[in-house]
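Text of entry_31.cif (mmCIF, N, CA and C atoms) as supplied:
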data_coords
#
loop_
_atom_site.label_atom_id
_atom_site.label_comp_id
_atom_site.auth_asym_id
_atom_site.auth_seq_id
_atom_site.Cartn_x
_atom_site.Cartn_y
_atom_site.Cartn_z
N MET Q 1 -10.78 -41.27 15.79
CA MET Q 1 -9.82 -40.26 16.15
C MET Q 1 -8.79 -40.06 15.03
N ASN Q 2 -8.43 -41.11 14.34
CA ASN Q 2 -7.46 -41.02 13.27
C ASN Q 2 -8.01 -40.20 12.10
N THR Q 3 -9.28 -40.36 11.78
CA THR Q 3 -9.90 -39.62 10.68
C THR Q 3 -9.93 -38.12 11.00
N ALA Q 4 -10.22 -37.79 12.25
CA ALA Q 4 -10.25 -36.39 12.66
C ALA Q 4 -8.88 -35.74 12.50
N ARG Q 5 -7.84 -36.47 12.86
CA ARG Q 5 -6.48 -35.93 12.71
C ARG Q 5 -6.12 -35.74 11.23
N LEU Q 6 -6.55 -36.65 10.39
CA LEU Q 6 -6.30 -36.54 8.96
C LEU Q 6 -6.98 -35.30 8.38
N ILE Q 7 -8.22 -35.08 8.77
CA ILE Q 7 -8.96 -33.90 8.30
C ILE Q 7 -8.30 -32.62 8.81
N GLU Q 8 -7.90 -32.63 10.07
CA GLU Q 8 -7.23 -31.46 10.64
C GLU Q 8 -5.92 -31.18 9.90
N HIS Q 9 -5.17 -32.21 9.57
CA HIS Q 9 -3.92 -32.04 8.84
C HIS Q 9 -4.17 -31.45 7.45
N ARG Q 10 -5.19 -31.92 6.76
CA ARG Q 10 -5.51 -31.39 5.43
C ARG Q 10 -5.92 -29.92 5.49
N ILE Q 11 -6.74 -29.59 6.48
CA ILE Q 11 -7.17 -28.19 6.62
C ILE Q 11 -5.98 -27.29 6.90
N THR Q 12 -5.12 -27.72 7.80
CA THR Q 12 -3.94 -26.93 8.14
C THR Q 12 -3.03 -26.77 6.92
N ARG Q 13 -2.81 -27.84 6.17
CA ARG Q 13 -1.97 -27.79 4.98
C ARG Q 13 -2.56 -26.84 3.94
N ASP Q 14 -3.87 -26.91 3.74
CA ASP Q 14 -4.52 -26.02 2.77
C ASP Q 14 -4.41 -24.56 3.18
N LEU Q 15 -4.58 -24.29 4.46
CA LEU Q 15 -4.46 -22.91 4.93
C LEU Q 15 -3.05 -22.37 4.76
N LEU Q 16 -2.06 -23.20 5.03
CA LEU Q 16 -0.68 -22.77 4.85
C LEU Q 16 -0.35 -22.53 3.38
N GLN Q 17 -0.89 -23.33 2.50
CA GLN Q 17 -0.66 -23.14 1.07
C GLN Q 17 -1.33 -21.86 0.59
N ARG Q 18 -2.49 -21.56 1.10
CA ARG Q 18 -3.17 -20.32 0.70
C ARG Q 18 -2.38 -19.12 1.17
N ARG Q 19 -1.84 -19.20 2.39
CA ARG Q 19 -1.07 -18.08 2.92
C ARG Q 19 0.18 -17.87 2.09
N ASP Q 20 0.84 -18.95 1.67
CA ASP Q 20 2.05 -18.83 0.89
C ASP Q 20 1.78 -18.29 -0.51
N SER Q 21 0.63 -18.58 -1.06
CA SER Q 21 0.31 -18.12 -2.40
C SER Q 21 -0.54 -16.85 -2.38
N ALA Q 22 -0.41 -16.07 -1.31
CA ALA Q 22 -1.17 -14.83 -1.18
C ALA Q 22 -0.68 -13.80 -2.20
N VAL Q 23 -1.42 -12.72 -2.32
CA VAL Q 23 -1.08 -11.66 -3.26
C VAL Q 23 0.29 -11.10 -2.90
N ASP Q 24 1.07 -10.82 -3.90
CA ASP Q 24 2.42 -10.32 -3.71
C ASP Q 24 2.39 -8.98 -2.98
N ILE Q 25 3.36 -8.77 -2.10
CA ILE Q 25 3.42 -7.54 -1.31
C ILE Q 25 3.68 -6.34 -2.21
N ALA Q 26 4.45 -6.51 -3.25
CA ALA Q 26 4.75 -5.39 -4.16
C ALA Q 26 3.47 -4.85 -4.79
N ASN Q 27 2.53 -5.73 -5.09
CA ASN Q 27 1.26 -5.29 -5.66
C ASN Q 27 0.52 -4.42 -4.65
N GLY Q 28 0.55 -4.79 -3.39
CA GLY Q 28 -0.09 -3.99 -2.35
C GLY Q 28 0.55 -2.63 -2.20
N ARG Q 29 1.87 -2.59 -2.34
CA ARG Q 29 2.57 -1.30 -2.26
C ARG Q 29 2.19 -0.40 -3.43
N PHE Q 30 2.02 -0.99 -4.61
CA PHE Q 30 1.61 -0.20 -5.77
C PHE Q 30 0.24 0.42 -5.53
N VAL Q 31 -0.67 -0.37 -5.01
CA VAL Q 31 -2.02 0.13 -4.74
C VAL Q 31 -1.97 1.24 -3.69
N GLU Q 32 -1.15 1.05 -2.67
CA GLU Q 32 -1.03 2.07 -1.63
C GLU Q 32 -0.48 3.37 -2.21
N ARG Q 33 0.52 3.28 -3.06
CA ARG Q 33 1.07 4.48 -3.69
C ARG Q 33 0.06 5.15 -4.60
N LEU Q 34 -0.74 4.36 -5.30
CA LEU Q 34 -1.76 4.91 -6.17
C LEU Q 34 -2.81 5.67 -5.36
N ILE Q 35 -3.21 5.13 -4.23
CA ILE Q 35 -4.19 5.81 -3.37
C ILE Q 35 -3.61 7.10 -2.83
N ILE Q 36 -2.34 7.08 -2.41
CA ILE Q 36 -1.71 8.29 -1.89
C ILE Q 36 -1.61 9.35 -2.98
N ALA Q 37 -1.20 8.95 -4.17
CA ALA Q 37 -1.09 9.91 -5.28
C ALA Q 37 -2.45 10.51 -5.62
N THR Q 38 -3.49 9.70 -5.60
CA THR Q 38 -4.83 10.20 -5.88
C THR Q 38 -5.28 11.18 -4.80
N ALA Q 39 -4.99 10.87 -3.55
CA ALA Q 39 -5.37 11.76 -2.46
C ALA Q 39 -4.62 13.09 -2.54
N VAL Q 40 -3.33 13.04 -2.85
CA VAL Q 40 -2.55 14.27 -2.98
C VAL Q 40 -3.06 15.11 -4.15
N THR Q 41 -3.37 14.46 -5.25
CA THR Q 41 -3.88 15.19 -6.42
C THR Q 41 -5.22 15.85 -6.10
N ALA Q 42 -6.10 15.12 -5.43
CA ALA Q 42 -7.39 15.70 -5.06
C ALA Q 42 -7.21 16.87 -4.10
N GLY Q 43 -6.30 16.73 -3.16
CA GLY Q 43 -6.02 17.83 -2.22
C GLY Q 43 -5.47 19.05 -2.93
N MET Q 44 -4.58 18.82 -3.89
CA MET Q 44 -4.03 19.95 -4.63
C MET Q 44 -5.10 20.63 -5.49
N LEU Q 45 -5.99 19.85 -6.07
CA LEU Q 45 -7.08 20.45 -6.86
C LEU Q 45 -8.00 21.30 -5.97
N MET Q 46 -8.32 20.78 -4.80
CA MET Q 46 -9.19 21.54 -3.89
C MET Q 46 -8.48 22.80 -3.40
N LEU Q 47 -7.20 22.65 -3.02
CA LEU Q 47 -6.45 23.81 -2.55
C LEU Q 47 -6.28 24.83 -3.68
N GLY Q 48 -6.05 24.34 -4.88
CA GLY Q 48 -5.88 25.24 -6.02
C GLY Q 48 -7.15 26.00 -6.37
N SER Q 49 -8.29 25.40 -6.11
CA SER Q 49 -9.54 26.09 -6.43
C SER Q 49 -9.90 27.12 -5.36
N TYR Q 50 -9.46 26.90 -4.12
CA TYR Q 50 -9.80 27.85 -3.04
C TYR Q 50 -8.72 28.90 -2.82
N ALA Q 51 -7.47 28.50 -2.90
CA ALA Q 51 -6.37 29.42 -2.61
C ALA Q 51 -5.20 29.13 -3.55
N PRO Q 52 -5.27 29.61 -4.79
CA PRO Q 52 -4.20 29.30 -5.76
C PRO Q 52 -2.82 29.81 -5.33
N GLU Q 53 -2.78 30.95 -4.66
CA GLU Q 53 -1.48 31.50 -4.24
C GLU Q 53 -0.82 30.59 -3.22
N LEU Q 54 -1.61 30.06 -2.32
CA LEU Q 54 -1.07 29.15 -1.31
C LEU Q 54 -0.58 27.86 -1.96
N LEU Q 55 -1.29 27.39 -2.97
CA LEU Q 55 -0.86 26.20 -3.68
C LEU Q 55 0.49 26.42 -4.34
N TRP Q 56 0.68 27.56 -5.00
CA TRP Q 56 1.96 27.84 -5.64
C TRP Q 56 3.08 27.98 -4.63
N ALA Q 57 2.77 28.57 -3.49
CA ALA Q 57 3.79 28.70 -2.44
C ALA Q 57 4.20 27.32 -1.91
N LEU Q 58 3.23 26.44 -1.72
CA LEU Q 58 3.55 25.09 -1.26
C LEU Q 58 4.34 24.30 -2.30
N LEU Q 59 3.97 24.45 -3.58
CA LEU Q 59 4.72 23.77 -4.63
C LEU Q 59 6.16 24.30 -4.73
N ALA Q 60 6.34 25.61 -4.58
CA ALA Q 60 7.69 26.18 -4.61
C ALA Q 60 8.51 25.67 -3.42
N GLY Q 61 7.89 25.62 -2.25
CA GLY Q 61 8.59 25.11 -1.07
C GLY Q 61 8.96 23.64 -1.23
N ALA Q 62 8.07 22.86 -1.80
CA ALA Q 62 8.37 21.45 -2.03
C ALA Q 62 9.51 21.30 -3.03
N GLY Q 63 9.53 22.15 -4.04
CA GLY Q 63 10.63 22.11 -5.01
C GLY Q 63 11.96 22.45 -4.38
N VAL Q 64 11.99 23.44 -3.53
CA VAL Q 64 13.23 23.83 -2.85
C VAL Q 64 13.70 22.69 -1.94
N LEU Q 65 12.78 22.09 -1.20
CA LEU Q 65 13.15 20.98 -0.33
C LEU Q 65 13.66 19.77 -1.13
N THR Q 66 13.05 19.53 -2.27
CA THR Q 66 13.45 18.40 -3.08
C THR Q 66 14.84 18.62 -3.70
N LEU Q 67 15.12 19.84 -4.11
CA LEU Q 67 16.38 20.10 -4.82
C LEU Q 67 17.61 20.14 -3.92
N GLY Q 68 17.44 20.52 -2.67
CA GLY Q 68 18.70 20.59 -1.92
C GLY Q 68 18.58 20.86 -0.45
N THR Q 69 18.17 19.91 0.30
CA THR Q 69 18.21 20.06 1.75
C THR Q 69 19.34 19.26 2.37
N ARG Q 70 19.90 18.33 1.58
CA ARG Q 70 20.99 17.50 2.11
C ARG Q 70 22.33 18.16 1.85
N VAL Q 71 23.17 18.10 2.86
CA VAL Q 71 24.52 18.63 2.71
C VAL Q 71 25.45 17.43 2.58
N SER Q 72 26.24 17.44 1.50
CA SER Q 72 27.14 16.29 1.26
C SER Q 72 28.45 16.43 1.98
#

Reformat the file's structure so that it appears as C-alpha coordinates.
Amino acid sequence: MNTARLIEHRITRDLLQRRDSAVDIANGRFVERLIIATAVTAGMLMLGSYAPELLWALLAGAGVLTLGTRVS
(Lines of atoms letter the chains of each structure in order from A and count residues from 1; the text may use other names and numbers.)
(Lines give C-alpha, C1' and ligand atoms only; values in the text may rest on other atoms or scores of the structure.)
Protein backbone atom coordinates (compact mmCIF):
# COMPACT_ATOMS: atom_id res chain seq x y z
CA MET A 1 0.00 0.00 0.00
CA ASN A 2 2.87 2.37 0.74
CA THR A 3 4.40 1.88 -2.73
CA ALA A 4 1.07 2.64 -4.39
CA ARG A 5 0.79 5.91 -2.48
CA LEU A 6 4.33 6.86 -3.48
CA ILE A 7 3.58 6.23 -7.15
CA GLU A 8 0.32 8.18 -6.89
CA HIS A 9 2.17 11.10 -5.28
CA ARG A 10 4.79 11.14 -8.06
CA ILE A 11 2.15 11.06 -10.79
CA THR A 12 0.20 13.87 -9.16
CA ARG A 13 3.35 15.97 -8.69
CA ASP A 14 4.38 15.45 -12.33
CA LEU A 15 0.94 16.43 -13.59
CA LEU A 16 0.93 19.59 -11.50
CA GLN A 17 4.39 20.54 -12.78
CA ARG A 18 3.29 20.04 -16.37
CA ARG A 19 0.24 22.21 -15.80
CA ASP A 20 2.37 24.97 -14.28
CA SER A 21 4.86 24.89 -17.14
CA ALA A 22 2.15 24.99 -19.81
CA VAL A 23 2.34 27.29 -22.83
CA ASP A 24 2.06 30.93 -21.89
CA ILE A 25 -1.42 32.44 -22.28
CA ALA A 26 -0.05 35.44 -24.17
CA ASN A 27 1.20 33.11 -26.89
CA GLY A 28 -2.31 31.69 -27.24
CA ARG A 29 -3.74 35.19 -27.53
CA PHE A 30 -1.27 36.01 -30.29
CA VAL A 31 -2.32 32.92 -32.23
CA GLU A 32 -5.98 33.78 -31.75
CA ARG A 33 -5.42 37.32 -33.04
CA LEU A 34 -3.49 35.97 -36.01
CA ILE A 35 -6.36 33.63 -36.92
CA ILE A 36 -8.89 36.46 -36.60
CA ALA A 37 -6.78 38.78 -38.76
CA THR A 38 -6.41 36.07 -41.40
CA ALA A 39 -10.15 35.41 -41.41
CA VAL A 40 -10.96 39.12 -41.73
CA THR A 41 -8.46 39.52 -44.55
CA ALA A 42 -9.88 36.54 -46.42
CA GLY A 43 -13.41 37.88 -45.94
CA MET A 44 -12.40 41.28 -47.25
CA LEU A 45 -10.73 39.73 -50.29
CA MET A 46 -13.84 37.69 -51.08
CA LEU A 47 -16.14 40.66 -50.52
CA GLY A 48 -13.86 42.87 -52.60
CA SER A 49 -13.94 40.45 -55.51
CA TYR A 50 -17.75 40.13 -55.51
CA ALA A 51 -18.91 43.58 -54.43
CA PRO A 52 -16.13 46.21 -54.35
CA GLU A 53 -18.56 49.07 -53.68
CA LEU A 54 -19.90 47.35 -50.60
CA LEU A 55 -16.37 46.73 -49.38
CA TRP A 56 -15.51 50.43 -49.67
CA ALA A 57 -18.70 51.40 -47.90
CA LEU A 58 -17.90 49.03 -45.02
CA LEU A 59 -14.33 50.31 -44.80
CA ALA A 60 -15.56 53.92 -44.73
CA GLY A 61 -18.08 53.06 -42.01
CA ALA A 62 -15.41 51.32 -39.96
CA GLY A 63 -13.17 54.37 -40.32
CA VAL A 64 -15.91 56.70 -39.12
CA LEU A 65 -16.65 54.45 -36.15
CA THR A 66 -12.97 54.21 -35.29
CA LEU A 67 -12.33 57.95 -35.47
CA GLY A 68 -15.08 59.22 -33.27
CA THR A 69 -17.99 57.47 -31.69
CA ARG A 70 -17.01 58.32 -28.12
CA VAL A 71 -18.10 61.58 -26.60
CA SER A 72 -15.67 62.95 -24.02

In Å, how far is it from atom CA of Q:Trp56 to atom C of Q:Ile35?
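Taking atom CA of Q:Trp56 and atom C of Q:Ile35, their separation equals 21.7 Å.
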
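Across the structure, atom C of Q:Leu58 and atom C of Q:Ala37 are spaced 15.7 Å apart.
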
Between atom C of Q:Ala42 and atom C of Q:Ala57, measure the distance and give it in Å to one decimal.
15.6 Å
